[in-house]
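final_18.cif follows (mmCIF, C-alpha atoms):
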```cif
data_protein
#
loop_
_atom_site.label_atom_id
_atom_site.label_comp_id
_atom_site.auth_asym_id
_atom_site.auth_seq_id
_atom_site.Cartn_x
_atom_site.Cartn_y
_atom_site.Cartn_z
CA MET A 915 15.29 10.96 -12.80
CA THR A 916 17.87 12.72 -14.96
CA PRO A 917 17.42 14.06 -18.48
CA ASN A 918 19.17 12.28 -21.27
CA GLU A 919 18.71 13.80 -24.66
CA SER A 920 20.24 10.95 -26.66
CA SER A 921 20.30 7.59 -24.96
CA SER A 922 19.50 4.04 -25.93
CA ILE A 923 17.59 3.37 -22.71
CA LEU A 924 14.63 5.00 -21.06
CA VAL A 925 15.29 6.88 -17.83
CA GLY A 926 12.90 7.25 -14.90
CA SER A 927 11.08 10.27 -16.27
CA GLY A 928 10.32 8.39 -19.49
CA HIS A 929 8.80 5.45 -17.61
CA PHE A 930 6.84 7.90 -15.48
CA ALA A 931 5.45 9.54 -18.59
CA ILE A 932 4.33 6.19 -20.02
CA GLY A 933 2.48 5.38 -16.81
CA PHE A 934 1.08 8.90 -16.69
CA VAL A 935 -0.31 8.66 -20.21
CA LEU A 936 -1.81 5.23 -19.52
CA GLY A 937 -3.36 6.43 -16.27
CA PHE A 938 -4.74 9.47 -18.05
CA MET A 939 -6.46 7.31 -20.66
CA ILE A 940 -8.05 5.18 -17.93
CA MET A 941 -9.09 8.33 -16.05
CA PHE A 942 -10.67 9.74 -19.21
CA VAL A 943 -12.71 6.62 -19.85
CA LEU A 944 -13.87 6.47 -16.22
CA ILE A 945 -14.90 10.13 -16.18
CA LYS A 946 -16.98 9.74 -19.33
CA ALA A 947 -18.44 6.35 -18.38
CA ARG A 948 -19.34 7.30 -14.81
CA SER A 949 -20.27 10.97 -15.14
CA GLU A 950 -22.97 10.62 -12.46
CA ASN A 951 -20.49 9.59 -9.77
CA ILE A 952 -18.84 12.54 -7.99
CA LYS A 953 -16.13 10.41 -6.40
CA ILE A 954 -14.95 9.24 -9.80
CA GLN A 955 -14.93 12.85 -11.01
CA LEU A 956 -12.92 13.98 -7.98
CA TYR A 957 -10.40 11.18 -7.45
CA SER A 958 -9.80 9.51 -10.81
CA PRO A 959 -7.41 12.35 -11.82
CA PHE A 960 -4.96 10.84 -9.34
CA LEU A 961 -4.69 7.75 -11.55
CA PRO A 962 -2.13 9.25 -13.97
CA ILE A 963 0.17 10.12 -11.06
CA ILE A 964 -0.25 6.70 -9.43
CA PHE A 965 0.39 4.85 -12.68
CA GLY A 966 3.34 7.12 -13.46
CA LEU A 967 4.99 6.47 -10.10
CA TRP A 968 4.33 2.73 -10.39
CA ALA A 969 5.89 2.59 -13.85
CA ALA A 970 9.00 4.50 -12.69
CA LEU A 971 9.47 2.57 -9.43
CA PRO A 972 12.12 0.06 -10.65
CA TYR A 973 14.28 2.96 -11.83
CA PHE A 974 15.00 3.86 -8.20
CA TRP A 975 16.67 0.59 -7.32
CA LEU A 976 17.93 -0.85 -10.60
CA ASP A 977 21.41 -0.33 -11.98
CA SER A 978 21.41 0.76 -15.64
CA ALA A 979 23.77 -2.10 -16.52
CA GLN A 980 21.65 -4.67 -14.71
CA GLN A 981 19.80 -7.37 -16.62
CA LEU A 982 16.06 -6.77 -16.39
CA SER A 983 14.04 -9.73 -15.10
CA ALA A 984 10.70 -10.69 -16.61
CA TRP A 985 8.78 -9.98 -13.38
CA LEU A 986 9.55 -6.27 -13.84
CA ASN A 987 6.88 -6.29 -16.56
CA LEU A 988 4.46 -5.83 -13.67
CA PHE A 989 5.63 -2.23 -13.64
CA ILE A 990 3.85 -1.40 -16.87
CA LEU A 991 6.16 -3.44 -19.11
CA TYR A 992 9.32 -1.85 -17.68
CA PRO A 993 11.82 -4.13 -19.51
CA VAL A 994 9.86 -3.89 -22.77
CA PHE A 995 9.88 -0.12 -22.89
CA HIS A 996 13.34 0.28 -21.39
CA HIS A 997 15.17 -0.58 -24.61
CA ASN A 998 12.46 0.06 -27.19
CA GLU A 999 13.82 2.48 -29.80
CA MET A 1000 10.50 4.07 -30.69
CA VAL A 1001 9.55 4.60 -27.05
CA VAL A 1002 12.99 5.99 -26.21
CA ALA A 1003 12.77 8.37 -29.18
CA ILE A 1004 9.54 9.87 -27.78
CA PHE A 1005 9.81 9.49 -24.01
CA GLY A 1006 13.58 9.68 -23.78
CA LYS A 1007 13.64 13.45 -24.17
CA LEU A 1008 12.87 15.27 -20.92
CA ASN A 1009 11.53 18.36 -22.69
CA LEU A 1010 9.00 16.26 -24.58
CA VAL A 1011 8.07 14.34 -21.43
CA ALA A 1012 7.53 17.64 -19.58
CA LEU A 1013 5.39 18.91 -22.45
CA ILE A 1014 3.22 15.77 -22.64
CA CYS A 1015 2.70 15.53 -18.88
CA GLY A 1016 2.17 19.29 -18.65
CA VAL A 1017 -0.56 19.30 -21.29
CA LEU A 1018 -2.34 16.33 -19.72
CA TYR A 1019 -2.07 17.87 -16.26
CA SER A 1020 -3.49 21.13 -17.63
CA TYR A 1021 -6.52 19.19 -18.86
CA ILE A 1022 -7.00 17.82 -15.33
CA ILE A 1023 -6.79 21.31 -13.80
CA ILE A 1024 -9.18 22.81 -16.37
CA ARG A 1025 -11.58 19.98 -15.65
CA TYR A 1026 -11.44 20.68 -11.92
CA ILE A 1027 -12.06 24.39 -12.51
CA ARG A 1028 -15.14 23.61 -14.61
CA LEU A 1029 -16.36 21.21 -11.92
CA VAL A 1030 -15.97 23.84 -9.20
CA LYS A 1031 -17.95 26.36 -11.24
CA TYR A 1032 -20.63 23.79 -12.04
CA CYS A 1033 -21.05 22.68 -8.42
CA ARG A 1034 -21.17 26.28 -7.19
CA THR A 1035 -24.03 26.96 -9.59
CA TYR A 1036 -26.00 23.70 -9.59
CA GLY A 1037 -24.63 21.53 -6.78
CA TRP A 1038 -24.35 17.78 -7.48
CA LYS A 1039 -27.13 15.23 -7.72
CA GLU A 1040 -25.75 11.76 -7.05
CA GLY A 1041 -26.86 9.02 -9.45
CA VAL A 1042 -27.96 11.48 -12.11
CA GLU A 1043 -25.79 12.64 -15.01
CA ASN A 1044 -24.50 16.10 -14.07
CA ALA A 1045 -21.71 18.09 -15.77
CA MET B 771 24.36 22.20 -13.14
CA PRO B 772 20.94 21.58 -11.64
CA ASN B 773 18.38 20.45 -14.21
CA LYS B 774 15.89 22.93 -15.60
CA HIS B 775 13.01 21.56 -13.59
CA PHE B 776 14.82 22.63 -10.41
CA TYR B 777 14.60 26.31 -11.38
CA PHE B 778 10.99 25.88 -12.47
CA SER B 779 10.22 24.24 -9.12
CA ILE B 780 11.71 27.15 -7.16
CA GLY B 781 9.57 29.56 -9.16
CA ALA B 782 6.52 27.35 -8.75
CA LEU B 783 7.11 27.19 -5.00
CA SER B 784 7.27 30.99 -4.85
CA GLY B 785 4.04 31.19 -6.86
CA THR B 786 2.41 28.73 -4.48
CA LEU B 787 3.42 30.79 -1.45
CA ILE B 788 2.08 33.97 -3.12
CA SER B 789 -1.20 32.21 -3.92
CA TYR B 790 -1.45 30.84 -0.39
CA TYR B 791 -0.86 34.30 1.08
CA ILE B 792 -3.55 35.81 -1.16
CA THR B 793 -6.00 33.05 -0.20
CA LYS B 794 -5.40 33.69 3.49
CA SER B 795 -5.69 37.49 3.04
CA ILE B 796 -8.76 37.35 0.84
CA LYS B 797 -11.09 38.96 3.37
CA ALA B 798 -8.65 41.78 3.99
CA ILE B 799 -8.06 42.53 0.31
CA LYS B 800 -11.69 42.25 -0.87
CA ASN B 801 -12.10 46.04 -0.83
CA ASN B 802 -8.96 46.59 -2.86
CA SER B 803 -9.88 48.24 -6.18
CA LEU B 804 -7.72 45.83 -8.19
CA VAL B 805 -9.44 42.84 -6.57
CA LYS B 806 -12.87 44.41 -7.14
CA ASN B 807 -12.11 44.92 -10.83
CA LEU B 808 -10.77 41.39 -11.07
CA SER B 809 -13.95 40.03 -9.45
CA LYS B 810 -16.08 41.91 -12.00
CA LEU B 811 -14.02 40.43 -14.81
CA GLU B 812 -14.04 36.90 -13.41
CA PRO B 813 -15.95 36.18 -10.16
CA ASP B 814 -14.07 32.90 -9.64
CA TRP B 815 -10.61 34.41 -10.17
CA GLU B 816 -9.14 32.51 -7.20
CA LEU B 817 -9.55 29.29 -9.22
CA TYR B 818 -6.76 30.37 -11.53
CA PHE B 819 -3.90 30.28 -9.01
CA PRO B 820 -2.13 27.51 -10.98
CA VAL B 821 -1.60 30.15 -13.68
CA VAL B 822 0.31 32.27 -11.12
CA ILE B 823 2.32 29.19 -10.13
CA PHE B 824 3.14 28.41 -13.76
CA VAL B 825 4.14 32.01 -14.59
CA THR B 826 6.44 32.32 -11.56
CA GLY B 827 7.90 28.93 -12.49
CA LEU B 828 8.67 30.26 -15.96
CA TRP B 829 10.47 33.22 -14.37
CA GLY B 830 13.01 30.76 -13.01
CA LEU B 831 13.53 29.31 -16.50
CA ILE B 832 14.22 32.63 -18.26
CA PRO B 833 18.06 32.25 -18.29
CA ASP B 834 17.73 28.75 -19.79
CA ILE B 835 15.18 30.01 -22.32
CA LEU B 836 17.50 32.84 -23.35
CA HIS B 837 20.33 30.35 -23.76
CA ALA B 838 18.17 27.81 -25.64
CA LEU B 839 17.04 30.52 -28.07
CA ARG B 840 20.73 31.42 -28.57
CA LEU B 841 20.09 34.98 -27.46
CA LEU B 842 22.76 34.84 -24.75
CA PRO B 843 25.75 32.53 -24.24
CA LYS B 844 26.12 30.40 -21.14
CA GLU B 845 28.90 32.61 -19.77
CA VAL B 846 26.50 35.57 -19.69
CA THR B 847 23.55 33.66 -18.17
CA ARG B 848 25.92 32.50 -15.45
CA SER B 849 26.79 36.07 -14.46
CA GLU B 850 25.71 37.45 -11.10
CA ILE B 851 22.86 39.61 -12.40
CA PHE B 852 20.99 36.45 -13.31
CA ASN B 853 20.62 35.70 -9.64
CA ILE B 854 17.37 37.67 -9.88
CA PHE B 855 15.97 34.53 -11.48
CA PHE B 856 15.85 32.62 -8.20
CA MET B 857 19.62 32.52 -7.63
CA HIS B 858 20.23 30.95 -11.04
CA SER B 859 23.93 31.82 -11.23
CA TYR B 860 24.62 30.67 -7.69
CA PHE B 861 23.12 27.24 -8.31
CA GLU B 862 24.86 26.95 -11.68
CA HIS B 863 28.21 27.23 -9.92
CA VAL B 864 27.24 24.62 -7.36
CA GLU B 865 28.01 21.81 -9.82
CA ASP B 866 31.63 22.90 -10.05
CA LYS B 867 32.23 22.31 -6.40
CA TYR B 868 29.58 19.96 -5.04
CA PRO B 869 28.16 17.29 -7.38
CA ALA B 870 26.32 15.64 -4.48
CA ILE B 871 24.42 18.87 -3.75
CA ASP B 872 23.62 19.09 -7.46
CA ARG B 873 21.87 15.71 -7.29
CA LEU B 874 20.13 16.72 -4.07
CA LEU B 875 18.82 19.90 -5.72
CA ASN B 876 17.41 17.89 -8.63
CA TRP B 877 15.63 15.53 -6.28
CA THR B 878 14.34 18.49 -4.24
CA GLY B 879 12.97 20.08 -7.39
CA GLU B 880 11.11 16.90 -8.31
CA ILE B 881 9.63 16.57 -4.84
CA ILE B 882 8.53 20.22 -4.87
CA LEU B 883 6.85 19.89 -8.27
CA PHE B 884 5.15 16.66 -7.27
CA SER B 885 3.87 18.18 -4.01
CA ILE B 886 2.55 21.29 -5.78
CA ALA B 887 0.78 19.18 -8.40
CA ILE B 888 -0.94 17.07 -5.75
CA GLY B 889 -1.63 20.15 -3.62
CA CYS B 890 -3.42 21.95 -6.45
CA MET B 891 -5.64 18.93 -7.06
CA CYS B 892 -6.48 18.68 -3.35
CA TYR B 893 -7.28 22.41 -3.30
CA TYR B 894 -9.86 21.97 -6.06
CA ILE B 895 -11.33 18.86 -4.45
CA ARG B 896 -11.82 20.86 -1.25
CA LEU B 897 -13.54 23.68 -3.16
CA ILE B 898 -15.83 21.22 -4.95
CA ASN B 899 -16.81 19.49 -1.69
CA ASN B 900 -17.48 22.89 -0.07
CA ALA B 901 -19.62 23.93 -3.05
CA ILE B 902 -21.65 20.71 -2.94
CA ASN B 903 -22.12 20.90 0.83
CA SER B 904 -23.22 24.55 0.74
CA ARG B 905 -25.69 23.82 -2.08
CA ASN B 906 -27.09 20.84 -0.14
CA ILE B 907 -27.51 22.97 2.99
CA SER B 908 -29.31 25.76 1.13
CA GLU B 909 -31.67 23.23 -0.48
#
```

Could you spell out this file's structure in structure tokens?
Amino acid sequence: MTPNESSSILVGSGHFAIGFVLGFMIMFVLIKARSENIKIQLYSPFLPIIFGLWAALPYFWLDSAQQLSAWLNLFILYPVFHHNEMVVAIFGKLNLVALICGVLYSYIIIRYIRLVKYCRTYGWKEGVENA
Amino acid sequence: MPNKHFYFSIGALSGTLISYYITKSIKAIKNNSLVKNLSKLEPDWELYFPVVIFVTGLWGLIPDILHALRLLPKEVTRSEIFNIFFMHSYFEHVEDKYPAIDRLLNWTGEIILFSIAIGCMCYYIRLINNAINSRNISE
């Protein structure tokens, strides 16, 4: 994954960021919808990383000049985002990608810290809405 | 030259090792006055190790920050004194001679950052599970 400040295609870090943002949104919904389930609270924060890696996977084996097949859309619309001007304008800049992923990751860490403090004080009652 | 995230990753790795050492020495340093004062200020201060990791990571980025803010030219930030920022100048000169090592360093930086990110999350999960288990035992 190399930075490319002004390019017409999205590099690996850009695809990773798209997957990361999507995974974060799913994680957020799950955490709010299933607040009584400790396993969701603990392990759903891995979703942004999993989605990010999945979205960036084709970048590791594809040549930049290669024609992108339709089946690559399985990797979170890889061909669609690869040449999209608006997406490249946002996720094509490594500094912006680092900032977006950094802020979202900070939210995850802050959430974990609050959960540690809550569980140290009150424990966790399964099946009942806790923190 | 290696990408910026490589320098950040070296700093973050150093911060992780410092945090790990403190965690392992926690019983020995509990009577230290600084630690006592810190515990009064925030009893759960050991939860904020990612801040240490982030700050030490930023230390590695200082030459690039100075250059980005146009405070110092690249020739100056490549001078030997800037090796105090995790061998910044040494790695900057690597690109001149060994492009393959440059790519390897970038990949290494990404792997380090990824591992630290996952490691921090696992650390908190372990703390949460310990907290829940100890509460369940006491009840």

The PyMOL selection byres ((chain A) within 10 of (chain B)) - which residues does that actually catch in the file I just gave you? List them as a ChimeraX atom specification. /A:915-917,952-953,955-957,959-960,963,1008-1009,1012,1019-1020,1022-1039

Excluding Ser958 of chain A and any residue of its chain fewer than 4 positions from it, enumerate the residues within 8 Å of it, using all atoms listed in the file, and give them as a ChimeraX atom specification. /A:941,944-945,953-954

Expansion of the PyMOL selection byres ((chain B and resi 855) around 8) into residues, as a VMD selection string: chain B and resid 829 to 833 852 to 854 856 to 858

Selection file, C-alpha atoms, as a compact mmCIF listing (two decimals), keeping the file's coordinate frame:
```txt
# COMPACT_ATOMS: atom_id res chain seq x y z
CA TRP B 829 10.47 33.22 -14.37
CA GLY B 830 13.01 30.76 -13.01
CA LEU B 831 13.53 29.31 -16.50
CA ILE B 832 14.22 32.63 -18.26
CA PRO B 833 18.06 32.25 -18.29
CA PHE B 852 20.99 36.45 -13.31
CA ASN B 853 20.62 35.70 -9.64
CA ILE B 854 17.37 37.67 -9.88
CA PHE B 856 15.85 32.62 -8.20
CA MET B 857 19.62 32.52 -7.63
CA HIS B 858 20.23 30.95 -11.04
```

Name every residue that the PyMOL selection byres ((chain B and resi 779) around 9) selects in this structure, writing the answer as a count of residues only with chains first and numbers rising. 19

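Going from atom CA of Ala1003 of chain A over to atom CA of Glu862 of chain B, you cover 28.2 Å.
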
For atom CA of Val994 of chain A and atom CA of Leu1013 of chain A, quote the distance in Å rounded to one decimal.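 Going from atom CA of Val994 of chain A over to atom CA of Leu1013 of chain A covers 23.2 Å.
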
Correct to one decimal, the distance atom CA of Glu812 of chain B-atom CA of Lys800 of chain B is 13.8 Å

Give the centre and edge lengths of an axis-aligned box, in Å to one decimal, that holds all listed atoms of segment 1015-1032 of chain A with 6 Å on each side, as JSON.
```
{"center_x": -9.0, "center_y": 20.9, "center_z": -15.2, "size_x": 35.3, "size_y": 22.8, "size_z": 24.1}
```

Could you check which of A:Met939, A:Gly928, A:Leu967, A:Gly1016 is closest to Phe824 of chain B, using all atoms listed in the file? A:Gly1016

So which residues are close to (-9.3, 38.7, -9.1), meaning at most 12 Å away in the file's coordinates with all atoms listed in the file counted, and can you show them as an MDAnalysis selection string? chainID B and resid 789 792:793 796 799:819 822

Give the answer as one residue: which of B:Ser859, B:Val864, B:Ile871, B:Lys797 has the shortest atom-to-atom distance to Glu845 of chain B, using only C-alpha atoms?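 Counting only C-alpha atoms, the residue closest to Glu845 of chain B is B:Ser859.
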
Spatial neighbours of Val1001 of chain A, 12 Å, all atoms listed in the file, chain gap at least 4 places, as an mmCIF file with C-alpha atoms, in the coordinates of the input:
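Ended up saving to selection19.cif:
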```cif
data_model
loop_
_atom_site.group_PDB
_atom_site.id
_atom_site.type_symbol
_atom_site.label_atom_id
_atom_site.label_comp_id
_atom_site.auth_asym_id
_atom_site.auth_seq_id
_atom_site.Cartn_x
_atom_site.Cartn_y
_atom_site.Cartn_z
ATOM 1 C CA SER A 921 20.300 7.590 -24.960
ATOM 2 C CA SER A 922 19.500 4.040 -25.930
ATOM 3 C CA ILE A 923 17.590 3.370 -22.710
ATOM 4 C CA LEU A 924 14.630 5.000 -21.060
ATOM 5 C CA VAL A 925 15.290 6.880 -17.830
ATOM 6 C CA GLY A 928 10.320 8.390 -19.490
ATOM 7 C CA HIS A 929 8.800 5.450 -17.610
ATOM 8 C CA ALA A 931 5.450 9.540 -18.590
ATOM 9 C CA ILE A 932 4.330 6.190 -20.020
ATOM 10 C CA LEU A 991 6.160 -3.440 -19.110
ATOM 11 C CA TYR A 992 9.320 -1.850 -17.680
ATOM 12 C CA PRO A 993 11.820 -4.130 -19.510
ATOM 13 C CA VAL A 994 9.860 -3.890 -22.770
ATOM 14 C CA PHE A 995 9.880 -0.120 -22.890
ATOM 15 C CA HIS A 996 13.340 0.280 -21.390
ATOM 16 C CA HIS A 997 15.170 -0.580 -24.610
ATOM 17 C CA PHE A 1005 9.810 9.490 -24.010
ATOM 18 C CA GLY A 1006 13.580 9.680 -23.780
ATOM 19 C CA LYS A 1007 13.640 13.450 -24.170
ATOM 20 C CA LEU A 1010 9.000 16.260 -24.580
ATOM 21 C CA VAL A 1011 8.070 14.340 -21.430
#
```

Just give me the residues with any atom within 12 Å of (8.7, 0.9, -8.0), file coordinates, counting all atoms listed in the file, written as a count of residues only. 23

Write segment 925-943 of chain A as an mmCIF file, in the coordinates of the input, completed to N, CA, C and O atoms.
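Once written, result.cif looks like this:
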```cif
data_model
loop_
_atom_site.group_PDB
_atom_site.id
_atom_site.type_symbol
_atom_site.label_atom_id
_atom_site.label_comp_id
_atom_site.auth_asym_id
_atom_site.auth_seq_id
_atom_site.Cartn_x
_atom_site.Cartn_y
_atom_site.Cartn_z
ATOM 1 N N VAL A 925 15.035 6.545 -19.228
ATOM 2 C CA VAL A 925 15.290 6.880 -17.830
ATOM 3 C C VAL A 925 13.968 6.962 -17.066
ATOM 4 O O VAL A 925 12.897 6.776 -17.646
ATOM 5 N N GLY A 926 14.081 7.265 -15.762
ATOM 6 C CA GLY A 926 12.900 7.250 -14.900
ATOM 7 C C GLY A 926 11.781 8.149 -15.367
ATOM 8 O O GLY A 926 10.600 7.778 -15.301
ATOM 9 N N SER A 927 12.117 9.328 -15.836
ATOM 10 C CA SER A 927 11.080 10.270 -16.270
ATOM 11 C C SER A 927 10.305 9.726 -17.467
ATOM 12 O O SER A 927 9.102 9.959 -17.606
ATOM 13 N N GLY A 928 10.977 8.996 -18.329
ATOM 14 C CA GLY A 928 10.320 8.390 -19.490
ATOM 15 C C GLY A 928 9.315 7.325 -19.063
ATOM 16 O O GLY A 928 8.187 7.278 -19.563
ATOM 17 N N HIS A 929 9.717 6.477 -18.123
ATOM 18 C CA HIS A 929 8.800 5.450 -17.610
ATOM 19 C C HIS A 929 7.622 6.103 -16.895
ATOM 20 O O HIS A 929 6.477 5.670 -17.019
ATOM 21 N N PHE A 930 7.915 7.165 -16.162
ATOM 22 C CA PHE A 930 6.840 7.900 -15.480
ATOM 23 C C PHE A 930 5.835 8.417 -16.485
ATOM 24 O O PHE A 930 4.626 8.317 -16.292
ATOM 25 N N ALA A 931 6.340 8.976 -17.581
ATOM 26 C CA ALA A 931 5.450 9.540 -18.590
ATOM 27 C C ALA A 931 4.568 8.465 -19.226
ATOM 28 O O ALA A 931 3.390 8.699 -19.494
ATOM 29 N N ILE A 932 5.131 7.287 -19.448
ATOM 30 C CA ILE A 932 4.330 6.190 -20.020
ATOM 31 C C ILE A 932 3.192 5.831 -19.079
ATOM 32 O O ILE A 932 2.034 5.705 -19.488
ATOM 33 N N GLY A 933 3.523 5.685 -17.801
ATOM 34 C CA GLY A 933 2.480 5.380 -16.810
ATOM 35 C C GLY A 933 1.474 6.500 -16.708
ATOM 36 O O GLY A 933 0.272 6.267 -16.573
ATOM 37 N N PHE A 934 1.954 7.726 -16.790
ATOM 38 C CA PHE A 934 1.080 8.900 -16.690
ATOM 39 C C PHE A 934 0.077 8.914 -17.842
ATOM 40 O O PHE A 934 -1.119 9.143 -17.643
ATOM 41 N N VAL A 935 0.568 8.656 -19.033
ATOM 42 C CA VAL A 935 -0.310 8.660 -20.210
ATOM 43 C C VAL A 935 -1.343 7.525 -20.102
ATOM 44 O O VAL A 935 -2.531 7.726 -20.364
ATOM 45 N N LEU A 936 -0.889 6.356 -19.677
ATOM 46 C CA LEU A 936 -1.810 5.230 -19.520
ATOM 47 C C LEU A 936 -2.874 5.538 -18.469
ATOM 48 O O LEU A 936 -4.073 5.320 -18.680
ATOM 49 N N GLY A 937 -2.427 6.066 -17.334
ATOM 50 C CA GLY A 937 -3.360 6.430 -16.270
ATOM 51 C C GLY A 937 -4.339 7.501 -16.728
ATOM 52 O O GLY A 937 -5.522 7.482 -16.356
ATOM 53 N N PHE A 938 -3.872 8.408 -17.534
ATOM 54 C CA PHE A 938 -4.740 9.470 -18.050
ATOM 55 C C PHE A 938 -5.831 8.890 -18.942
ATOM 56 O O PHE A 938 -6.992 9.299 -18.870
ATOM 57 N N MET A 939 -5.467 7.928 -19.768
ATOM 58 C CA MET A 939 -6.460 7.310 -20.660
ATOM 59 C C MET A 939 -7.531 6.581 -19.841
ATOM 60 O O MET A 939 -8.731 6.678 -20.141
ATOM 61 N N ILE A 940 -7.098 5.882 -18.801
ATOM 62 C CA ILE A 940 -8.050 5.180 -17.930
ATOM 63 C C ILE A 940 -8.942 6.189 -17.222
ATOM 64 O O ILE A 940 -10.166 6.016 -17.115
ATOM 65 N N MET A 941 -8.329 7.264 -16.723
ATOM 66 C CA MET A 941 -9.090 8.330 -16.050
ATOM 67 C C MET A 941 -10.148 8.898 -16.990
ATOM 68 O O MET A 941 -11.298 9.110 -16.611
ATOM 69 N N PHE A 942 -9.769 9.143 -18.226
ATOM 70 C CA PHE A 942 -10.670 9.740 -19.210
ATOM 71 C C PHE A 942 -11.874 8.851 -19.463
ATOM 72 O O PHE A 942 -13.021 9.320 -19.503
ATOM 73 N N VAL A 943 -11.616 7.569 -19.619
ATOM 74 C CA VAL A 943 -12.710 6.620 -19.850
ATOM 75 C C VAL A 943 -13.642 6.573 -18.641
ATOM 76 O O VAL A 943 -14.872 6.603 -18.779
#
```
